[in-house]
$ cat query_2.cif   # mmCIF, C-alpha atoms, pLDDT in the B column; chains and numbers go by the auth columns
data_input
#
loop_
_atom_site.group_PDB
_atom_site.id
_atom_site.type_symbol
_atom_site.label_atom_id
_atom_site.label_comp_id
_atom_site.label_asym_id
_atom_site.label_seq_id
_atom_site.Cartn_x
_atom_site.Cartn_y
_atom_site.Cartn_z
_atom_site.B_iso_or_equiv
_atom_site.auth_seq_id
_atom_site.auth_asym_id
ATOM 1 C CA MET A 1 70.429 7.569 66.649 52.00 28 A
ATOM 2 C CA ILE A 2 67.485 5.609 68.042 52.00 29 A
ATOM 3 C CA ALA A 3 65.216 7.075 65.359 51.00 30 A
ATOM 4 C CA ARG A 4 67.627 5.986 62.633 52.00 31 A
ATOM 5 C CA LYS A 5 67.806 2.455 64.070 53.00 32 A
ATOM 6 C CA SER A 6 64.017 2.272 64.240 51.00 33 A
ATOM 7 C CA ILE A 7 63.676 3.401 60.619 48.00 34 A
ATOM 8 C CA THR A 8 66.273 0.844 59.499 49.00 35 A
ATOM 9 C CA THR A 9 64.550 -1.907 61.479 50.00 36 A
ATOM 10 C CA LEU A 10 61.152 -0.885 60.090 42.00 37 A
ATOM 11 C CA THR A 11 62.510 -0.851 56.532 49.00 38 A
ATOM 12 C CA LEU A 12 64.035 -4.295 57.024 44.00 39 A
ATOM 13 C CA LEU A 13 60.780 -5.613 58.471 43.00 40 A
ATOM 14 C CA ILE A 14 58.792 -4.278 55.504 50.00 41 A
ATOM 15 C CA LEU A 15 61.266 -5.885 53.084 43.00 42 A
ATOM 16 C CA ILE A 16 60.949 -9.288 54.838 48.00 43 A
ATOM 17 C CA LEU A 17 57.157 -9.116 54.815 45.00 44 A
ATOM 18 C CA THR A 18 57.117 -8.161 51.128 49.00 45 A
ATOM 19 C CA LEU A 19 59.323 -11.116 50.247 46.00 46 A
ATOM 20 C CA ALA A 20 57.252 -13.492 52.361 47.00 47 A
ATOM 21 C CA LEU A 21 54.087 -12.473 50.563 47.00 48 A
ATOM 22 C CA THR A 22 55.553 -12.883 47.066 50.00 49 A
ATOM 23 C CA VAL A 23 57.178 -16.313 47.518 50.00 50 A
ATOM 24 C CA PRO A 24 54.891 -19.072 46.178 54.00 51 A
ATOM 25 C CA ALA A 25 53.519 -21.685 48.581 50.00 52 A
ATOM 26 C CA PRO A 26 55.265 -25.062 48.722 55.00 53 A
ATOM 27 C CA LEU A 27 53.816 -27.686 46.339 56.00 54 A
ATOM 28 C CA GLY A 28 52.251 -29.686 49.137 59.00 55 A
ATOM 29 C CA HIS A 29 50.230 -26.670 50.250 60.00 56 A
ATOM 30 C CA ALA A 30 48.763 -25.482 46.963 61.00 57 A
ATOM 31 C CA ALA A 31 45.075 -24.679 46.792 63.00 58 A
ATOM 32 C CA PRO A 32 42.949 -27.723 45.829 67.00 59 A
ATOM 33 C CA MET A 33 41.751 -27.875 42.227 69.00 60 A
ATOM 34 C CA ALA A 34 38.176 -28.651 41.299 68.00 61 A
ATOM 35 C CA PRO A 35 37.783 -32.297 40.226 72.00 62 A
ATOM 36 C CA THR A 36 37.115 -32.932 36.565 73.00 63 A
ATOM 37 C CA LEU A 37 34.008 -34.937 35.867 82.00 64 A
ATOM 38 C CA ALA A 38 34.572 -37.959 33.647 92.00 65 A
ATOM 39 C CA THR A 39 32.291 -38.219 30.642 95.00 66 A
ATOM 40 C CA PRO A 40 30.201 -41.400 30.415 96.00 67 A
ATOM 41 C CA ASP A 41 31.521 -43.627 27.631 97.00 68 A
ATOM 42 C CA PHE A 42 31.881 -47.291 26.698 98.00 69 A
ATOM 43 C CA SER A 43 34.606 -49.532 25.335 98.00 70 A
ATOM 44 C CA LEU A 44 34.278 -52.103 22.578 98.00 71 A
ATOM 45 C CA SER A 45 36.218 -55.357 22.342 98.00 72 A
ATOM 46 C CA PHE A 46 35.859 -59.020 21.410 96.00 73 A
ATOM 47 C CA PHE A 47 35.759 -62.009 23.718 91.00 74 A
ATOM 48 C CA ASN A 48 37.140 -64.264 20.997 91.00 75 A
ATOM 49 C CA ASN A 49 39.109 -62.706 18.157 95.00 76 A
ATOM 50 C CA PRO A 50 40.405 -63.879 15.718 97.00 77 A
ATOM 51 C CA GLN A 51 38.220 -66.861 14.885 96.00 78 A
ATOM 52 C CA THR A 52 39.513 -69.782 12.812 96.00 79 A
ATOM 53 C CA VAL A 53 37.013 -72.067 11.071 94.00 80 A
ATOM 54 C CA LYS A 54 37.105 -74.902 8.544 91.00 81 A
ATOM 55 C CA ARG A 55 34.853 -74.947 5.533 89.00 82 A
ATOM 56 C CA GLY A 56 31.562 -76.524 6.428 89.00 83 A
ATOM 57 C CA SER A 57 31.333 -74.869 9.843 92.00 84 A
ATOM 58 C CA GLY A 58 30.628 -71.508 11.371 93.00 85 A
ATOM 59 C CA THR A 59 31.535 -69.368 14.321 96.00 86 A
ATOM 60 C CA LEU A 60 30.111 -66.824 16.687 96.00 87 A
ATOM 61 C CA PHE A 61 31.907 -63.545 17.407 97.00 88 A
ATOM 62 C CA GLN A 62 31.103 -62.199 20.868 97.00 89 A
ATOM 63 C CA ILE A 63 31.265 -58.436 21.269 97.00 90 A
ATOM 64 C CA GLU A 64 31.934 -56.988 24.715 98.00 91 A
ATOM 65 C CA ILE A 65 30.590 -53.540 25.550 98.00 92 A
ATOM 66 C CA GLN A 66 31.997 -52.200 28.829 97.00 93 A
ATOM 67 C CA PRO A 67 30.305 -49.104 30.300 98.00 94 A
ATOM 68 C CA LEU A 68 32.728 -46.447 31.557 96.00 95 A
ATOM 69 C CA ASN A 69 32.024 -43.616 34.017 95.00 96 A
ATOM 70 C CA GLY A 70 28.393 -44.622 34.536 94.00 97 A
ATOM 71 C CA PHE A 71 27.410 -44.964 30.861 97.00 98 A
ATOM 72 C CA THR A 72 23.914 -46.301 30.242 97.00 99 A
ATOM 73 C CA GLY A 73 21.990 -46.310 27.006 97.00 100 A
ATOM 74 C CA THR A 74 21.533 -47.985 23.661 98.00 101 A
ATOM 75 C CA VAL A 75 24.551 -48.863 21.544 98.00 102 A
ATOM 76 C CA HIS A 76 23.894 -49.293 17.822 98.00 103 A
ATOM 77 C CA ILE A 77 26.077 -51.968 16.182 98.00 104 A
ATOM 78 C CA GLN A 78 26.843 -51.937 12.456 98.00 105 A
ATOM 79 C CA LEU A 79 28.932 -54.579 10.701 96.00 106 A
ATOM 80 C CA SER A 80 30.685 -54.092 7.407 94.00 107 A
ATOM 81 C CA GLY A 81 33.337 -55.823 5.394 90.00 108 A
ATOM 82 C CA SER A 82 33.922 -57.313 2.025 85.00 109 A
ATOM 83 C CA LEU A 83 33.352 -60.994 2.634 90.00 110 A
ATOM 84 C CA PRO A 84 33.675 -63.089 -0.511 89.00 111 A
ATOM 85 C CA PRO A 85 30.726 -64.982 -1.968 86.00 112 A
ATOM 86 C CA GLY A 86 30.256 -68.252 -0.125 84.00 113 A
ATOM 87 C CA ILE A 87 30.767 -66.816 3.378 90.00 114 A
ATOM 88 C CA ASN A 88 27.533 -65.823 5.094 91.00 115 A
ATOM 89 C CA CYS A 89 27.394 -63.274 7.908 93.00 116 A
ATOM 90 C CA SER A 90 24.466 -62.227 10.072 89.00 117 A
ATOM 91 C CA CYS A 91 25.579 -58.643 9.461 88.00 118 A
ATOM 92 C CA ALA A 92 22.297 -56.746 9.879 93.00 119 A
ATOM 93 C CA PRO A 93 22.582 -53.707 12.202 96.00 120 A
ATOM 94 C CA PHE A 94 21.227 -54.207 15.721 97.00 121 A
ATOM 95 C CA ASP A 95 20.884 -52.357 19.034 98.00 122 A
ATOM 96 C CA VAL A 96 22.218 -53.364 22.434 97.00 123 A
ATOM 97 C CA ALA A 97 20.933 -51.972 25.767 97.00 124 A
ATOM 98 C CA VAL A 98 23.824 -51.220 28.158 97.00 125 A
ATOM 99 C CA SER A 99 22.898 -50.935 31.834 91.00 126 A
ATOM 100 C CA GLY A 100 26.061 -49.334 33.197 81.00 127 A
ATOM 101 C CA THR A 101 26.756 -52.048 35.774 85.00 128 A
ATOM 102 C CA GLY A 102 28.941 -54.534 33.898 94.00 129 A
ATOM 103 C CA ILE A 103 29.960 -55.936 30.537 97.00 130 A
ATOM 104 C CA THR A 104 27.144 -56.405 28.045 97.00 131 A
ATOM 105 C CA PHE A 105 27.614 -59.136 25.448 97.00 132 A
ATOM 106 C CA ALA A 106 26.303 -59.142 21.890 97.00 133 A
ATOM 107 C CA SER A 107 27.154 -61.509 19.071 96.00 134 A
ATOM 108 C CA PHE A 108 26.997 -62.166 15.366 96.00 135 A
ATOM 109 C CA SER A 109 27.552 -65.381 13.432 96.00 136 A
ATOM 110 C CA VAL A 110 29.509 -66.276 10.328 95.00 137 A
ATOM 111 C CA ASP A 111 28.849 -69.456 8.345 93.00 138 A
ATOM 112 C CA VAL A 112 31.258 -71.039 5.861 91.00 139 A
ATOM 113 C CA PRO A 113 29.534 -73.655 3.680 84.00 140 A
ATOM 114 C CA LYS A 114 31.270 -76.970 2.944 79.00 141 A
ATOM 115 C CA PRO A 115 31.496 -77.071 -0.855 73.00 142 A
ATOM 116 C CA VAL A 116 35.083 -76.136 -1.659 65.00 143 A
ATOM 117 C CA ALA A 117 34.100 -74.207 -4.759 66.00 144 A
ATOM 118 C CA THR A 118 31.907 -71.727 -2.875 70.00 145 A
ATOM 119 C CA ALA A 119 33.973 -71.086 0.258 75.00 146 A
ATOM 120 C CA PRO A 120 37.388 -69.553 -0.269 85.00 147 A
ATOM 121 C CA THR A 121 40.165 -69.852 2.288 89.00 148 A
ATOM 122 C CA GLY A 122 42.042 -66.903 3.721 93.00 149 A
ATOM 123 C CA THR A 123 41.796 -64.132 6.273 96.00 150 A
ATOM 124 C CA PHE A 124 38.831 -61.774 6.155 95.00 151 A
ATOM 125 C CA ASN A 125 38.035 -58.645 8.193 96.00 152 A
ATOM 126 C CA ILE A 126 34.647 -57.579 9.469 96.00 153 A
ATOM 127 C CA GLN A 127 34.521 -54.002 10.755 97.00 154 A
ATOM 128 C CA VAL A 128 32.324 -53.476 13.824 97.00 155 A
ATOM 129 C CA LEU A 129 31.150 -49.911 14.484 98.00 156 A
ATOM 130 C CA ALA A 130 29.398 -49.141 17.779 98.00 157 A
ATOM 131 C CA THR A 131 27.703 -45.761 18.252 98.00 158 A
ATOM 132 C CA SER A 132 25.584 -44.112 20.926 98.00 159 A
ATOM 133 C CA GLY A 133 24.756 -40.449 20.430 97.00 160 A
ATOM 134 C CA THR A 134 28.065 -38.695 19.716 97.00 161 A
ATOM 135 C CA LEU A 135 30.152 -41.619 21.006 98.00 162 A
ATOM 136 C CA SER A 136 31.691 -43.922 18.419 98.00 163 A
ATOM 137 C CA HIS A 137 34.092 -46.873 18.688 98.00 164 A
ATOM 138 C CA SER A 138 35.227 -49.474 16.173 98.00 165 A
ATOM 139 C CA GLU A 139 37.031 -52.810 16.203 98.00 166 A
ATOM 140 C CA THR A 140 37.895 -55.363 13.553 97.00 167 A
ATOM 141 C CA ALA A 141 36.725 -58.964 13.760 97.00 168 A
ATOM 142 C CA ILE A 142 39.138 -61.339 11.994 97.00 169 A
ATOM 143 C CA LEU A 143 37.844 -64.512 10.353 96.00 170 A
ATOM 144 C CA ILE A 144 40.374 -67.117 9.223 96.00 171 A
ATOM 145 C CA VAL A 145 39.001 -69.805 6.913 93.00 172 A
ATOM 146 C CA ARG A 146 41.113 -72.951 6.411 90.00 173 A
#

$ encode --input "query_2.cif" --output "structure tokens"
Amino acid sequence: MIARKSITTLTLLILILTLALTVPAPLGHAAPMAPTLATPDFSLSFFNNPQTVKRGSGTLFQIEIQPLNGFTGTVHIQLSGSLPPGINCSCAPFDVAVSGTGITFASFSVDVPKPVATAPTGTFNIQVLATSGTLSHSETAILIVR
């Protein structure tokens, strides 16, 4: 009878150990996961958008380039849009050096001459494309002429 009790106890002990080994660990005790490394990048925005001007004046759009995750490098800025005749934009492409320690500002100007016949009123969009290597971001500058 003692042998039978020992076998039953041993079988029960093996069953308990088997169950203990197959039950998953509580959530708070899971193995740590390797951290994912963030890819350096930048964001693009405007300090002052939209801009409203009267004929006979101009304005300056200020672009903000914010480095993210330690980004440093050159950001190439291209401006495009279908501005009507009579509105002049300094829309030549240009490069901006971003240091990775804070916001970098860049700007472009738009002039609206005074003669009513050459400067239409309305809302006009200027597309700003910023690229650096494989990174690419775009924003729209809005010009309102009254």

$ residues_around --input "query_2.cif" --residues "range 131-140 of chain A" --least-positions-apart "4" --cutoff "9 Å" --atoms "only C-alpha atoms" --output "ChimeraX atom specification"
/A:74,80-94,113-118,123-127,145-147,170,172

$ atom_distance --input "query_2.cif" --atom1 "CA of Asn152 in chain A" --atom2 "CA of Gly100 in chain A"
27.6 Å

$ closest_residue --input "query_2.cif" --among "A:Pro67, A:Asp122, A:Thr79, A:Gly97" --to "Leu156 in chain A" --atoms "only C-alpha atoms"
A:Asp122

$ closest_residue --input "query_2.cif" --among "A:Gln78, A:Gln105, A:Ser70, A:Ser163" --to "Phe151 in chain A" --atoms "all atoms listed in the file"
A:Gln78

$ atom_distance --input "query_2.cif" --atom1 "CA of Arg173 in chain A" --atom2 "CA of Phe121 in chain A"
28.9 Å

$ resolve_selection --input "query_2.cif" --expression "the PyMOL selection byres ((chain A and resi 153) around 6)" --output "list in words"
Ser107, Gly108, Asn152, Gln154, Thr167 and Ala168 of chain A
